[in-house]
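Undergrad: Got a structure for you, written out below as structure tokens; questions coming shortly.
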Amino acid sequence: MENVSHPTPPPPPPSEGASGDALSLTTAYEPLVLMELIQRLKVRDVMTHSVVSVERCIPLWEAQRLMKEKHISGIPVVEEGRLFGLVSMEDIICAIEGGYIAQPCGHYMTTKLVVLEDDMPLSFAIHYFDRFHFGRFPVLNRDRLLVGIVCQRDINRALLDELSKEFSRMEKSVARTTPPDIGPTTYMLREFPVAKYDFENAGKAANAIKTAMLERKFPPKMVRRVAVAAYELEINLVVHSDGGMLTWQIGNGRSEVVAQDKGPGIEDVAWACRDGTSTANEWIRSLGFGAGLGLVNVKRVSDSFEITSKVGVGTTVRSIVNIGAPLEEQE
Amino acid sequence: MKLSEFVETTGFEVLCLPDASVMVEEGYTSDLLSDVVSNCPEDSVLITVQNHTNSIAVCTLVEAVAIVITHDREITKEMIELARQEEIALFRTPLSQFQATCVVASVLNGAIE
């Protein structure tokens with residue numbers, strides 16, 4: 001297994017840069033649902049489990065025949081579950097040109113491989129495709145055995161599947177929670193999944209809420225109060241929770257932001273709500289978070305503030321701001 | 001004061017300046033993002049050591065127009081790209097927050113007088 005490098009593989013040779021259409025997620029600007037998905041899904045959820053492979057003694061022409069028959073562009077070279085290398089289309093072309101197509105795969109396979117582990121988040125796989133421009137990555141389990149292979153098509157298919165499930169869940173949720181007596185009052189509902197320690201996307205939900213309110217012409221001062229509450233609750237989910245959901249709705253002249261998480265829960269809620277108290281560690285503080293101002297800020301901007309928490313279960317914080325009607329409805 | 005004039009007068013290094021005609025009216029100095037969210041006025045320049053993308057997110061939220069990163073701290077491509085996306089100017093200086101604040105205060109006060 002010395003020939004399998006991980007996790008800091010060598011840069012790919014120039015000839016490997018053939019896939020100009022690499023799936024690339026910049027992560028900073030993608031919708032939160034998608035970001036949550038690529039963190040939650042593991043490589044094993046998207047990979048092809050039944051891998052076509054050859055042994056080292058098999059001639060290259062046999063690998064070529066299998067690639068043609070199975071419509072694949074690369075075959076791992078495996079013995080007793082252990083990955084030794086990979087024969088790619090390029091290796092085959094070189095073998096035909098060089099007249100050694102009858103030689104064993106073991107002699108001419110690519111041995112400097114970049115591999116993924118099956119319990120890595122999908123985001124790793126996407127970054128690897130972006131960074132290395134290989135067409136596929138073999139996937140190993142914790143025992144370093146080959147358990148699958150992943151190509152960009154696998155990722156696209158899995159994401160489309162999951163996104164369509166997510167959309168139908170969101171549609172049902174909106175249909176369920178929209179009150180029947182909306183009347184002329186503006187009504188909106190948005191849900192933002194927030195992942196633990198996802199500092200990269202922290203603040204996006206609050207900014208989305210702010211933008212939506214400004215577009216609806218709510219008074220800027222009201223918008224700022226709601227945005228501050230949403231921001232602080234979003235950051236709390238990132239810094240302190242094991243992940244959760246930020247829900248925002250407006251209706252009947254009120255804006256309600258609810259942060260609900262899946263744990264770990266707060267032991268002393270009164271202490272946590274005090275100015276300057278925080279359980280944040282040093283590195284979180286060094287980023288400018290965890291100063292113990294968050295819940296204090298939420299309370300300050302809210303007309304109504306509630307917090308309930310149970311250790312081992314989770315925390316729910318609700319902030320209500322009376323916002324009245326949008327300016328255009330007031331006119 | 002226009003950002004173009006602000007840059008010229010302060011001599012801060014420009015990392016991103018999406019619109020030099022944007023007006024900067026005030027300054028705010030803080031490294032605590034909750035403090036910035038609560039108290040930073042609109043159309044401000046934020047002076048901070050926080051050289052990461054969350055500073056941009058906070059400025060977008062409070063409608064600050066620019067950030068000055070002090071102590072010549074390293075700034076990632078991601079931060080510059082997000083600043084461009086969010087149309088927030090990004091500057092850098094070897095000065096401390098205190099020194100940078102003094103410079104910004106004198107420049108902005110001069111503009112008011």
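Note on naming: chains are A, B, ... as they come in the structure tokens, residues start from 1 per chain, ligands start from 1 in the order shown.
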Which residues of chain A come within 6 Å of chain B, and what is each one's closest atom pair and distance in Å (one decimal), counting only C-alpha atoms, sorted by chain and residue number, as CSV?
TA:
```
residue,atom,partner,partner_atom,distance
A:Gly203,CA,B:Ala57,CA,5.7
A:Asn207,CA,B:Leu61,CA,5.8
A:Gly288,CA,B:Leu32,CA,4.5
```
Undergrad: So which residues touch Ala195 in chain A within 9 Å, counting only C-alpha atoms, skipping near sequence neighbours fewer than 6 positions away, as a PyMOL selection string?
TA: chain A and resi 35-36+39-40+201+237-238+241-245
Undergrad: How about saving the chosen residues, N, CA and C atoms kept, as an mmCIF file, in the first residue's frame?
TA:
```
data_model
loop_
_atom_site.group_PDB
_atom_site.id
_atom_site.type_symbol
_atom_site.label_atom_id
_atom_site.label_comp_id
_atom_site.auth_asym_id
_atom_site.auth_seq_id
_atom_site.Cartn_x
_atom_site.Cartn_y
_atom_site.Cartn_z
ATOM 1 N N MET A 35 -25.143 23.191 0.705
ATOM 2 C CA MET A 35 -23.957 23.102 1.556
ATOM 3 C C MET A 35 -24.176 22.072 2.670
ATOM 4 N N GLU A 36 -25.415 22.075 3.213
ATOM 5 C CA GLU A 36 -25.710 21.131 4.285
ATOM 6 C C GLU A 36 -25.644 19.708 3.749
ATOM 7 N N GLN A 39 -22.138 18.349 3.241
ATOM 8 C CA GLN A 39 -21.489 18.029 4.518
ATOM 9 C C GLN A 39 -22.073 16.734 5.097
ATOM 10 N N ARG A 40 -23.422 16.590 4.949
ATOM 11 C CA ARG A 40 -24.100 15.454 5.581
ATOM 12 C C ARG A 40 -23.838 14.142 4.829
ATOM 13 N N ASN A 201 -20.086 29.571 6.084
ATOM 14 C CA ASN A 201 -21.411 30.048 5.676
ATOM 15 C C ASN A 201 -22.126 30.843 6.759
ATOM 16 N N LEU A 237 -25.816 28.707 16.642
ATOM 17 C CA LEU A 237 -25.959 27.339 16.114
ATOM 18 C C LEU A 237 -24.606 26.827 15.613
ATOM 19 N N VAL A 238 -23.859 27.701 14.934
ATOM 20 C CA VAL A 238 -22.556 27.305 14.379
ATOM 21 C C VAL A 238 -21.555 27.007 15.498
ATOM 22 N N SER A 241 -23.886 24.646 18.926
ATOM 23 C CA SER A 241 -24.783 23.486 18.797
ATOM 24 C C SER A 241 -24.137 22.368 17.995
ATOM 25 N N ASP A 242 -24.817 21.237 17.966
ATOM 26 C CA ASP A 242 -24.382 20.135 17.110
ATOM 27 C C ASP A 242 -25.036 20.258 15.737
ATOM 28 N N GLY A 243 -25.520 21.439 15.405
ATOM 29 C CA GLY A 243 -26.226 21.676 14.149
ATOM 30 C C GLY A 243 -27.704 21.846 14.424
ATOM 31 N N GLY A 244 -28.358 22.597 13.572
ATOM 32 C CA GLY A 244 -29.783 22.803 13.796
ATOM 33 C C GLY A 244 -30.411 23.558 12.648
ATOM 34 N N MET A 245 -31.566 24.139 12.942
ATOM 35 C CA MET A 245 -32.330 24.812 11.891
ATOM 36 C C MET A 245 -32.699 26.221 12.357
#
```
Undergrad: Taking 6 positions as the minimum chain separation for residues in the same chain, which residues sit within 9 Å of Pro41 in chain B when counting only C-alpha atoms? Answer as a CSV table (one decimal) with N, CA and C atoms, in the first residue's frame.
TA:
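What ended up in result13.csv:
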```csv
chain,number,residue,atom,x,y,z
B,25,GLU,N,-18.8,57.3,5.7
B,25,GLU,CA,-19.2,58.4,6.5
B,25,GLU,C,-18.6,58.3,8.0
B,26,GLU,N,-18.4,57.0,8.4
B,26,GLU,CA,-17.9,56.9,9.8
B,26,GLU,C,-16.9,55.7,9.9
B,27,GLY,N,-16.4,55.5,11.1
B,27,GLY,CA,-15.5,54.4,11.3
B,27,GLY,C,-15.9,53.6,12.6
B,28,TYR,N,-15.6,52.4,12.6
B,28,TYR,CA,-15.9,51.6,13.8
B,28,TYR,C,-14.8,50.6,14.0
B,62,VAL,N,-24.6,44.9,8.4
B,62,VAL,CA,-24.8,46.2,8.9
B,62,VAL,C,-24.6,47.3,7.9
B,63,GLU,N,-24.3,46.9,6.6
B,63,GLU,CA,-24.1,47.9,5.5
B,63,GLU,C,-23.0,48.8,5.7
B,64,ALA,N,-21.9,48.2,6.3
B,64,ALA,CA,-20.6,48.9,6.3
B,64,ALA,C,-20.1,48.8,4.9
```
Undergrad: Might you pull out every residue within 12 Å of range 9-20 of chain B, with only C-alpha atoms counted and same-chain residues fewer than 6 positions away left off, and present them as an MDAnalysis selection string?
TA: chainID B and resid 1:3 47 56 65:95 99:108 110:111
Undergrad: Could those residues be written to a file, using C-alpha atoms, as a short mmCIF file (atom, residue, chain, number, x, y, z; two decimals), in the first residue's frame?
TA:
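Just written: part-v9.cif:
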```cif
data_model
loop_
_atom_site.label_atom_id
_atom_site.label_comp_id
_atom_site.auth_asym_id
_atom_site.auth_seq_id
_atom_site.Cartn_x
_atom_site.Cartn_y
_atom_site.Cartn_z
CA MET B 1 -15.78 61.13 1.71
CA LYS B 2 -15.49 58.91 -1.38
CA LEU B 3 -13.53 55.68 -0.95
CA ILE B 47 -11.15 48.49 11.52
CA ILE B 56 -17.43 40.47 5.32
CA VAL B 65 -18.80 49.85 3.11
CA ALA B 66 -15.19 48.93 3.85
CA ILE B 67 -12.87 46.91 6.08
CA VAL B 68 -9.33 47.76 7.16
CA ILE B 69 -7.34 44.72 8.33
CA THR B 70 -4.60 45.80 10.71
CA HIS B 71 -1.10 44.44 11.56
CA ASP B 72 -0.61 43.47 7.89
CA ARG B 73 -2.37 40.19 8.60
CA GLU B 74 -2.57 37.67 5.79
CA ILE B 75 -5.73 37.84 3.73
CA THR B 76 -7.00 34.82 1.82
CA LYS B 77 -8.19 34.75 -1.77
CA GLU B 78 -11.58 33.62 -0.44
CA MET B 79 -11.92 36.75 1.67
CA ILE B 80 -11.02 39.03 -1.27
CA GLU B 81 -13.40 37.16 -3.55
CA LEU B 82 -16.26 37.43 -1.04
CA ALA B 83 -15.55 41.15 -0.55
CA ARG B 84 -15.82 41.60 -4.32
CA GLN B 85 -19.04 39.60 -4.40
CA GLU B 86 -20.57 41.60 -1.55
CA GLU B 87 -19.21 44.90 -2.94
CA ILE B 88 -17.25 45.74 0.18
CA ALA B 89 -13.88 47.47 -0.09
CA LEU B 90 -11.00 45.66 1.59
CA PHE B 91 -7.86 47.45 2.76
CA ARG B 92 -4.80 46.45 4.76
CA THR B 93 -2.27 48.32 6.87
CA PRO B 94 0.76 47.44 9.03
CA LEU B 95 -0.66 49.78 11.73
CA GLN B 99 -3.04 53.67 15.06
CA ALA B 100 -5.33 52.86 12.13
CA THR B 101 -8.29 54.29 14.06
CA CYS B 102 -6.38 57.53 14.64
CA VAL B 103 -5.59 57.78 10.92
CA VAL B 104 -9.19 57.08 9.90
CA ALA B 105 -10.54 59.51 12.50
CA SER B 106 -8.28 62.31 11.33
CA VAL B 107 -9.10 61.66 7.69
CA LEU B 108 -12.87 61.49 8.24
CA GLY B 110 -10.94 66.44 8.14
CA ALA B 111 -13.57 65.61 5.55
#
```
Undergrad: Give the helix (DSSP H, G or I) residues of chain B, as assigned by DSSP on the backbone, as number ranges by chain.
TA: B: 3-10, 33-39, 53-62, 77-85, 97-112
Undergrad: I want to know what sits within 9 Å of Val226 in chain A, based on only C-alpha atoms, with residues of the same chain fewer than 6 positions away left out; could you give that as a list in words?
TA: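 Selected residues are Ala206, Ile209, Lys210, Ser255, Glu256, Val257, Val298, Val301, Ser302, Ser319, Ile320, Val321 and Ile323 of chain A.
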Undergrad: I need the chosen residues saved as a compact mmCIF listing (two decimals), in the first residue's frame, with C-alpha atoms.
TA:
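Saved result, part_0.txt, follows:
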```
# COMPACT_ATOMS: atom_id res chain seq x y z
CA ALA A 206 -29.24 36.42 8.42
CA ILE A 209 -33.52 37.34 5.74
CA LYS A 210 -32.38 40.95 5.64
CA SER A 255 -41.24 38.59 12.49
CA GLU A 256 -40.32 35.41 14.30
CA VAL A 257 -36.85 33.87 14.19
CA VAL A 298 -31.01 38.97 20.65
CA VAL A 301 -33.58 43.74 19.71
CA SER A 302 -36.58 41.47 20.38
CA SER A 319 -37.14 36.00 18.94
CA ILE A 320 -40.17 38.04 17.92
CA VAL A 321 -39.99 41.58 16.54
CA ILE A 323 -42.51 44.88 12.42
```
Undergrad: Pick out the residues sitting within 10 Å of Met188 in chain A, and hand them over as a list of chain:residue names; count only C-alpha atoms, and ignore anything fewer than 5 positions along from it in its own chain.
TA: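 Listed by chain and then number, they are A:Val174, A:Thr178, A:Ala212, A:Met213, A:Trp248, A:Gln249, A:Ile250, A:Gly251, A:Ser255.
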Undergrad: Give me the residues within 6 Å of range 72-83 of chain A as a list of chain:residue names, counting only C-alpha atoms and dropping any in the same chain fewer than 4 places off.
TA: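 Listed by chain and then number, they are A:Ser53, A:Val54, A:Glu55, A:Met67, A:Val87, A:Ser88, A:Met89, A:Leu145, A:Leu146.
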Undergrad: Within range 75-111 of chain B, find each residue whose DSSP state, derived from the backbone, is strand (DSSP E), and express the selection as a list in words.
TA: Ala89, Leu90, Phe91 and Arg92 of chain B
Undergrad: May I have the selected residues written with N, CA and C atoms, as a tab-separated table (two decimals), in the first residue's frame?
TA:
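Resulting contents of part.tsv:
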```tsv
chain	number	residue	atom	x	y	z
B	89	ALA	N	-15.30	47.18	0.14
B	89	ALA	CA	-13.88	47.47	-0.09
B	89	ALA	C	-13.05	46.83	1.00
B	90	LEU	N	-11.86	46.35	0.63
B	90	LEU	CA	-11.00	45.66	1.59
B	90	LEU	C	-9.60	46.27	1.54
B	91	PHE	N	-9.17	46.81	2.68
B	91	PHE	CA	-7.86	47.45	2.76
B	91	PHE	C	-7.02	46.76	3.81
B	92	ARG	N	-5.69	47.03	3.77
B	92	ARG	CA	-4.80	46.45	4.76
B	92	ARG	C	-3.74	47.49	5.13
```
Undergrad: Given only C-alpha atoms as the basis, pick out the residue of A:Phe129, A:Tyr197, A:Phe137, A:Trp283 nearest to Val51 in chain A.
TA: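 The closest residue to Val51 in chain A is A:Phe137.
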